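A short write-up of the structure that comes next.
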Amino acid sequence: MSIVDREVLPTNVTPLHYDLQVEPNFETFKFDGAVSVTLKVNDDTVDTVSLNSIDIDFHTAKIGDVENAEIKLDNESQIAAIVFPKGTLAGKDEVTLDIKFTGVLNDNMAGFYRAKYEDKKTGKTKYMATTQMEPTDARRAFPCFDEPNLKATYAITLVSKPEFTHLSNMDVKEESVSNGKKVTTFNTTPKMSTYLVAFIVAELKYVECNDFRIPVRVYATPGDEHLGQFSADLTAKTLNFFEKSFGIKYPLPKMDNVAVHEFSAGAMENWGLVTYRVVDVLLDKENSTLDRIQRVAEVVQHELAHQWFGNLVTMDWWEGLWLNEGFATWMSWYSCNEFEPEWKVWEQYVTDNLQHALSLDSLRSSHPIEVPVKRADEINQIFDAISYSKGSSLLRMISKWLGEDIFIKGVSQYLKKFKFQNAKTEDLWDALTEASGKDVRGVMDVWTKKIGFPVVNVEENGNKITFTQNRYLSTGDVKPEEDKTLYPVFLALKTKDGVDTSLTLNKRSETIELKDADFFKVNGDQSGIYITSYSDERWKKLGQQSSLLSVEDRTGLVADAKSLSHSGYTSTKNFLELIANWKDEKSFVVWEQILNSISGLKTTWLFEDQKVTEALDAFIRDLVIKKTNELGWDFSSKNDSFATQRLKVSLFGAACAAREPKVESVAFEMFEKYVAGDKKAIPALIKPIVFNTVARAGGKENYEKVYNILQNPTSADEKLAALRTLGRFKESDLLERTLGYLFDGTVLSQDIYIPMQGMRGSKEGVEALWKWTQKNWDELVKRLPPGLSMLGSVVIISTSGFTSLEAKKQIEEFFKDKSTKGFDQSLAQSLDTITSKAQWVGRDSDVVLNYLKEHGYYTK
Ligand code: BES
Ligand code: ZN
């Protein structure tokens with residue numbers, strides 16, 4: 001698509017400054033607004049001013065004293081064209097457009113919206129008024145030029161009853177109370193994009209951290225604010241670190257973080273006023289899982305990284321979204337690695353982001369990192385694993401290639417050059433080329449502009465090794481016309497002498513000769529975005545040489561072996577043999593990859609004969625039992641390192657999931673004590689595992705117990721665990737009950753996907769969920785926020801659990817006569833996922849069965 005195809009505003013005027021005032025009304029759920037936009041006139045012969053607006057009532061629109069002749073509202077393009085009498089702009093360089101309007105304080109978590117909550121003290125229902133603008137919902141809050149490169153300054157004023165706190169991007173300039181109304185005017189912002197504007201009117205309290213040169217706070221509704229200290233401290237530390245790393249000061253006079261009760265994403269990086277889902281910013285560390293602690297840390301650092309990547313320097317247009325999200329992701333790992341070296345986050349990166357990237361990008365319906373997007377309903381769909389995970393994987397690859405110091409130096413030059421402006425991907429390449437002297441652009445263009453990634457096939461002939469690259473698809477059915485791209489592949493060949501970083505495979509195929517081919521591994525430390533396929537003998541050998549491999553290497557081998565069996569490049573037997581050999585593995589990261597991969601196989605075999613799935617459980621029990629017994633299940637020890645805790649938790653969880661009787665009974669015992677009133681009986685680290693174990697056993701009695709926990713949780717984390725667990729019961733009446741909670745007010749719209757995720761663990765759950773989705777489709781569409789990707793996530797969750805082509809056909813049938821606007825990509829990806837699973841079971845069900853029989857796991 002060329003730039004002309006984008007649905008953008010006409011350029012006869014461009015905004016310079018907005019004076020914006022809003023006053024929410026908590027009775028009518030509307031808000032009154034007034035906006036004065038100073039416009040630069042680029043073409044004074046045009047008398048129409050077009051700007052974005054949706055669900056807004058215009059009262060008056062004026063330029064000076066001249067009132068509009070007509071307003072044409074187009075809901076499809078979300079543009080309001082304000083027509084002025086001929087000559088209104090003639091001879092003017094600048095004019096001010098004044099609009100008075102009323103908007104809806106909606107409950108869709110988009111634009112200026114109301115978020116419901118229960119008052120801690122009185123139990124009464126209350127509301128907070130807050131904003132979520134990204135990507136294209138600022139136009140619901142005020143008429144504006146809602147494109148990322150139409151930067152302007154903002155002076156915002158909020159009006160409400162005096163008991164409310166007012167917050168916006170900037171600090172307060174003036175505040176007054178008169179006639180029972182509080183009026184707060186904020187200082188003018190620097191030049192910024194519309195999607196970063198934020199304002200909040202709510203009852204709030206805060207905690208703060210004074211370790212940074214400007215005020216750093218975490219706000220929450222009264223009674224919860226003390227849980228914000230962890231994030232407040234981390235905010236101060238992170239701002240300090242990024243300022244030093246980039247050599248650029250955080251330019252605003254304060255940094256607020258706010259816990260918002262109903263929130264569609266995890267968090268939003270609004271400049272100076274970051275908003276969060278409650279559980280992603282408030283933390284009760286002693287009562288949380290390790291995953292939760294790491295998640296909060298990641299989210300906070302991610303949003304703070306955006307203050308530079310996105311807020312200070314913004315992508316020119318949404319197809320550069322990866323510059324925002326890829327960088328924020330990479331940077332949060334970078335800072336976290338500095339703060340918490342024990343967490344070994346870069347090792348975890350391989351099981352986490354890299355696998356997410358490869359998994360989505362191995363579908364035909366994936367997209368290039370830089371993908372042309374033109375309309376609102378396309379923009380929200382690229383907030384996906386390609387922009388976040390493939391984007392950050394690419395940055396990880398570059399940083400390893402250039403060296404981290406040079407990478408940071410180049411990145412900092414890029415930020416300095418484009419601050420308060422917009423940038424394109426090429427601008428980044430140019431800065432990195434300048435800093436490194438390497439042809440960064442030449443190498444990286446392919447990676448951002450082309451879809452997919454390669455599988456590198458390694459063929460051995462004595463010491464001669466031939467590398468061949470082809471496009472990889474998890475369906476294993478690449479057509480010649482889909483296999484035209486040649487990616488620049490850093491081979492990073494690891495031998496006993498170390499890693500040779502000089503080898504790049506630019507052609508289809510290349511042969512080199514090794515001095516000694518006893519040990520070698522391609523893609524050292526798994527720094528490249530590709531999969532490596534070896535011969536059966538080499539897989540065996542690598543399985544025995546684990547002492548020569550880094551954690552990242554071992555993790556990568558497990559993940560690659562699984563992907564290759566999935567797509568049919570190798571037999572599933574190679575994968576099973578590899579992991580069966582690594583029962584003594586010490587790293588929690590490698591273990592987590594092993595367990596993820598095998599559970600990927602398990603979910604693909606979900607609809608197979610129960611005898612086979614039971615045999616798979618027996619295989620898993622055998623895999624984990626030795627290490628589980630060795631480490632035990634005392635989770636209270638203060639002496640355990642982070643790594644030991646993580647490993648204990650993972651193994652305990654896997655053993656429970658595979659129904660290891662001894663471990664299961666430990667979990668049951670804890671649960672019984674817990675519901676009898678001993679709130680310390682389940683260690684916080686394994687609460688979700690224990691709940692799941694109970695759900696696996698099933699029964700109405702257990703369901704009631706979990707439901708009671710959901711009603712009276714001791715922490716937000718516990719509530720989430722209980723909610724997910726309700727989806728894990730397999731009995732049809734219990735599944736019905738859980739599904740009933742999705743719309744009756746028990747489950748908030750923001751959490752709807754959580755019990756749904758629980759249902760993906762059983763075939764009964766997958767079927768019940770899909771039936772429910774079809775029945776409730778219209779209501780779902782109505783409830784889920786228009787600008788965000790939530791509907792797409794729900795479609796994926798409720799369809800991709802299937803494993804057969806018949807089910808796929810049924811799903812296609814259902815959507816055939818429905819509009820798939822806003823989630824067509826998600827649907828296509830889900831269907832591709834089902835195809836790939838159907839092909840895997842179809843191809844290898846005998847292989848797996850025979851393996852399980854031969855090793856005594858399958859018994860008649
Ligand atoms: N900019 C996004 C929030 C967002 C997501 C806005 C989707 C519009 C559509 C924010 O920076 C973000 O990426 N949040 C993540 C957390 C992060 C740790 C990956 C999220 O919401 O989960
Ligand atoms: Zn982000």
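Each chain of the structure tokens is named A, B, ... in the order shown, its residues numbered from 1; ligands are numbered from 1 in display order.
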List as a count of residues only the protein and nucleic acid residues near segment 735-748 of chain A, meaning an atom at most 10 Å away when only C-alpha atoms are counted, but skip any in the same chain fewer than 3 places from it. 35
Using only C-alpha atoms and all ligand atoms, find each residue with an atom at most 12 Å away from ligand 2 and format the answer as a tab-separated table (two decimals) with N, CA, C and O atoms, in the first residue's frame.
chain	number	residue	atom	x	y	z
A	134	GLU	N	-5.03	5.27	23.05
A	134	GLU	CA	-4.35	4.51	22.01
A	134	GLU	C	-5.17	3.32	21.56
A	134	GLU	O	-5.75	2.64	22.40
A	135	PRO	N	-5.20	2.99	20.25
A	135	PRO	CA	-4.56	3.78	19.21
A	135	PRO	C	-5.43	4.94	18.69
A	135	PRO	O	-4.92	6.01	18.46
A	196	LEU	N	-1.48	9.90	23.34
A	196	LEU	CA	-0.82	9.91	24.65
A	196	LEU	C	-1.47	10.86	25.65
A	196	LEU	O	-1.03	10.96	26.79
A	265	ALA	N	-6.28	-3.11	28.38
A	265	ALA	CA	-4.95	-3.67	28.17
A	265	ALA	C	-4.32	-3.96	29.54
A	265	ALA	O	-5.04	-4.08	30.54
A	266	GLY	N	-3.00	-4.13	29.57
A	266	GLY	CA	-2.32	-4.29	30.85
A	266	GLY	C	-1.98	-2.92	31.42
A	266	GLY	O	-2.13	-2.66	32.61
A	267	ALA	N	-1.51	-2.04	30.54
A	267	ALA	CA	-1.13	-0.69	30.96
A	267	ALA	C	-1.00	0.20	29.74
A	267	ALA	O	-0.93	-0.29	28.62
A	268	MET	N	-0.96	1.51	29.98
A	268	MET	CA	-0.86	2.46	28.88
A	268	MET	C	0.10	3.59	29.27
A	268	MET	O	-0.04	4.18	30.32
A	269	GLU	N	1.01	3.88	28.34
A	269	GLU	CA	2.16	4.73	28.65
A	269	GLU	C	1.92	6.24	28.59
A	269	GLU	O	2.89	6.99	28.45
A	270	ASN	N	0.67	6.72	28.69
A	270	ASN	CA	0.41	8.16	28.63
A	270	ASN	C	1.53	8.96	29.28
A	270	ASN	O	1.92	8.68	30.41
A	274	VAL	N	0.86	7.31	33.55
A	274	VAL	CA	0.69	5.93	33.06
A	274	VAL	C	-0.49	5.29	33.78
A	274	VAL	O	-0.63	5.42	35.00
A	275	THR	N	-1.37	4.66	33.03
A	275	THR	CA	-2.52	3.98	33.61
A	275	THR	C	-2.32	2.47	33.52
A	275	THR	O	-1.70	1.98	32.58
A	276	TYR	N	-2.85	1.76	34.53
A	276	TYR	CA	-2.64	0.31	34.61
A	276	TYR	C	-3.92	-0.40	35.01
A	276	TYR	O	-4.73	0.12	35.77
A	298	GLU	N	7.86	-6.01	34.89
A	298	GLU	CA	7.96	-5.87	33.44
A	298	GLU	C	7.05	-4.75	32.93
A	298	GLU	O	7.47	-3.91	32.12
A	299	VAL	N	5.83	-4.74	33.40
A	299	VAL	CA	4.88	-3.75	32.89
A	299	VAL	C	5.35	-2.33	33.24
A	299	VAL	O	5.37	-1.45	32.38
A	300	VAL	N	5.76	-2.13	34.48
A	300	VAL	CA	6.20	-0.79	34.89
A	300	VAL	C	7.39	-0.35	34.02
A	300	VAL	O	7.40	0.76	33.47
A	301	GLN	N	8.36	-1.21	33.86
A	301	GLN	CA	9.55	-0.82	33.09
A	301	GLN	C	9.23	-0.62	31.62
A	301	GLN	O	9.78	0.25	30.96
A	302	HIS	N	8.32	-1.43	31.12
A	302	HIS	CA	7.89	-1.30	29.73
A	302	HIS	C	7.25	0.08	29.49
A	302	HIS	O	7.61	0.79	28.55
A	303	GLU	N	6.31	0.46	30.36
A	303	GLU	CA	5.64	1.75	30.15
A	303	GLU	C	6.60	2.91	30.34
A	303	GLU	O	6.47	3.94	29.67
A	304	LEU	N	7.56	2.75	31.23
A	304	LEU	CA	8.52	3.83	31.43
A	304	LEU	C	9.48	3.93	30.24
A	304	LEU	O	9.90	5.03	29.86
A	305	ALA	N	9.82	2.82	29.65
A	305	ALA	CA	10.66	2.85	28.45
A	305	ALA	C	9.94	3.64	27.34
A	305	ALA	O	10.55	4.38	26.58
A	306	HIS	N	8.63	3.50	27.29
A	306	HIS	CA	7.85	4.23	26.30
A	306	HIS	C	7.98	5.75	26.47
A	306	HIS	O	7.73	6.50	25.52
A	307	GLN	N	8.30	6.22	27.67
A	307	GLN	CA	8.39	7.67	27.86
A	307	GLN	C	9.43	8.24	26.89
A	307	GLN	O	9.34	9.39	26.48
A	308	TRP	N	10.42	7.41	26.53
A	308	TRP	CA	11.38	7.80	25.49
A	308	TRP	C	10.95	7.24	24.13
A	308	TRP	O	10.86	7.96	23.16
A	309	PHE	N	10.70	5.91	24.11
A	309	PHE	CA	10.35	5.25	22.84
A	309	PHE	C	8.85	5.26	22.63
A	309	PHE	O	8.14	4.38	23.10
A	310	GLY	N	8.38	6.28	21.96
A	310	GLY	CA	6.94	6.41	21.74
A	310	GLY	C	6.50	7.80	22.11
A	310	GLY	O	5.87	8.50	21.33
A	311	ASN	N	6.85	8.23	23.32
A	311	ASN	CA	6.37	9.53	23.77
A	311	ASN	C	7.28	10.67	23.30
A	311	ASN	O	6.79	11.67	22.76
A	321	LEU	N	4.66	0.85	14.39
A	321	LEU	CA	4.32	0.54	15.79
A	321	LEU	C	5.43	-0.24	16.50
A	321	LEU	O	5.66	-0.07	17.69
A	322	TRP	N	6.12	-1.07	15.73
A	322	TRP	CA	7.17	-1.88	16.37
A	322	TRP	C	8.25	-1.01	17.01
A	322	TRP	O	8.87	-1.42	17.99
A	323	LEU	N	8.44	0.20	16.46
A	323	LEU	CA	9.44	1.09	17.06
A	323	LEU	C	9.03	1.46	18.49
A	323	LEU	O	9.87	1.68	19.35
A	324	ASN	N	7.73	1.55	18.72
A	324	ASN	CA	7.24	1.76	20.08
A	324	ASN	C	7.33	0.48	20.90
A	324	ASN	O	8.00	0.42	21.93
A	325	GLU	N	6.61	-0.54	20.45
A	325	GLU	CA	6.41	-1.72	21.28
A	325	GLU	C	7.63	-2.65	21.33
A	325	GLU	O	7.92	-3.24	22.35
A	326	GLY	N	8.31	-2.76	20.20
A	326	GLY	CA	9.52	-3.59	20.20
A	326	GLY	C	10.57	-3.01	21.13
A	326	GLY	O	11.18	-3.72	21.94
A	327	PHE	N	10.76	-1.71	21.06
A	327	PHE	CA	11.74	-1.06	21.93
A	327	PHE	C	11.34	-1.12	23.40
A	327	PHE	O	12.17	-1.40	24.27
A	328	ALA	N	10.07	-0.81	23.69
A	328	ALA	CA	9.65	-0.83	25.10
A	328	ALA	C	9.87	-2.24	25.67
A	328	ALA	O	10.30	-2.40	26.82
A	329	THR	N	9.61	-3.25	24.84
A	329	THR	CA	9.80	-4.62	25.31
A	329	THR	C	11.28	-4.92	25.55
A	329	THR	O	11.67	-5.38	26.62
A	330	TRP	N	12.10	-4.60	24.55
A	330	TRP	CA	13.55	-4.87	24.72
A	330	TRP	C	14.10	-4.12	25.93
A	330	TRP	O	14.83	-4.66	26.74
A	331	MET	N	13.72	-2.84	26.05
A	331	MET	CA	14.26	-2.00	27.12
A	331	MET	C	13.85	-2.50	28.50
A	331	MET	O	14.59	-2.36	29.46
A	332	SER	N	12.63	-3.05	28.61
A	332	SER	CA	12.21	-3.53	29.93
A	332	SER	C	13.05	-4.75	30.34
A	332	SER	O	13.33	-4.95	31.51
A	382	ILE	N	-2.56	-4.87	15.08
A	382	ILE	CA	-1.11	-5.12	15.03
A	382	ILE	C	-0.42	-5.00	16.39
A	382	ILE	O	0.78	-5.10	16.50
A	383	PHE	N	-1.23	-4.80	17.45
A	383	PHE	CA	-0.66	-4.89	18.80
A	383	PHE	C	-0.54	-6.38	19.14
A	383	PHE	O	-1.27	-6.90	19.97
A	384	ASP	N	0.35	-7.05	18.47
A	384	ASP	CA	0.42	-8.50	18.59
A	384	ASP	C	1.87	-8.95	18.76
A	384	ASP	O	2.77	-8.13	18.90
A	385	ALA	N	2.05	-10.27	18.75
A	385	ALA	CA	3.39	-10.83	19.00
A	385	ALA	C	4.40	-10.41	17.93
A	385	ALA	O	5.61	-10.49	18.16
A	387	SER	N	4.64	-7.21	16.49
A	387	SER	CA	5.16	-5.90	16.89
A	387	SER	C	5.97	-5.98	18.19
A	387	SER	O	7.03	-5.39	18.31
A	388	TYR	N	5.46	-6.72	19.16
A	388	TYR	CA	6.12	-6.79	20.47
A	388	TYR	C	7.30	-7.76	20.45
A	388	TYR	O	8.43	-7.38	20.73
A	389	SER	N	7.01	-9.02	20.11
A	389	SER	CA	8.02	-10.05	20.33
A	389	SER	C	8.97	-10.20	19.15
A	389	SER	O	10.18	-10.32	19.34
A	391	GLY	N	9.50	-7.83	17.02
A	391	GLY	CA	10.18	-6.53	17.06
A	391	GLY	C	11.32	-6.53	18.06
A	391	GLY	O	12.45	-6.15	17.75
A	392	SER	N	11.05	-6.99	19.27
A	392	SER	CA	12.12	-6.97	20.28
A	392	SER	C	13.16	-8.04	20.00
A	392	SER	O	14.34	-7.87	20.31
Would you mind telling me which residue in A:Leu791, A:Asp146, A:Gly452, A:Ala657 lies nearest to Gln825 of chain A when using only C-alpha atoms? A:Leu791
Test item: residues at most 8 Å from Ile79 of chain A, only C-alpha atoms, excluding those fewer than 5 positions along its chain, as a ChimeraX atom specification: /A:9,50-54,73-74
So how many Å separate atom CA of Ile63 of chain A and atom CA of Glu76 of chain A, to one decimal?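 So the answer is 26.0 Å.
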DSSP on the backbone, strand (DSSP E or B) only: what residues of segment 342-513 of chain A does that give? Format it as number ranges by chain. A: 421-423, 454-461, 464-471, 489-490, 493-495, 498-500, 504-505, 509-513
Report as a PDB file with C-alpha atoms, in the first residue's frame all protein, DNA and RNA residues lying within 10 Å of segment 119-124 of chain A, evaluated on only C-alpha atoms, omitting residues in the same chain fewer than 3 positions from it.
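The resulting file, around.pdb, is shown below:
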ATOM      1  CA  LYS A 116     -16.819   0.859  38.032  1.00  0.00           C
ATOM      2  CA  TYR A 127     -17.006   5.224  39.286  1.00  0.00           C
ATOM      3  CA  GLU A 203     -11.386   9.541  44.272  1.00  0.00           C
ATOM      4  CA  THR A 221      -8.718   4.183  45.004  1.00  0.00           C
ATOM      5  CA  PRO A 222      -8.663   4.633  48.814  1.00  0.00           C
ATOM      6  CA  GLY A 223      -7.633   1.557  50.770  1.00  0.00           C
ATOM      7  CA  ASP A 224      -5.385   0.112  48.076  1.00  0.00           C
TER       8      ASP A 224
END
Would you kindly return, as a list in words, each protein, DNA or RNA residue with an atom no farther than 9 Å from any atom of Met670 of chain A, considering only C-alpha atoms and excluding same-chain residues fewer than 2 positions away? Ser665, Val666, Ala667, Phe668, Glu672, Lys673, Tyr674, Val675, Ala681, Ile682, Pro683 and Val690 of chain A
Can you measure atom CA of Ser830 of chain A to atom CA of Ser800 of chain A for me? One decimal in Å is fine.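 We find that atom CA of Ser830 of chain A and atom CA of Ser800 of chain A lie 5.0 Å from each other.
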Report as a PyMOL selection string: the residues of segment 516-651 of chain A with a DSSP assignment of alpha helix (DSSP H), based on the backbone of this structure. chain A and resi 536-544+551-567+572-580+588-604+610-631+642-651
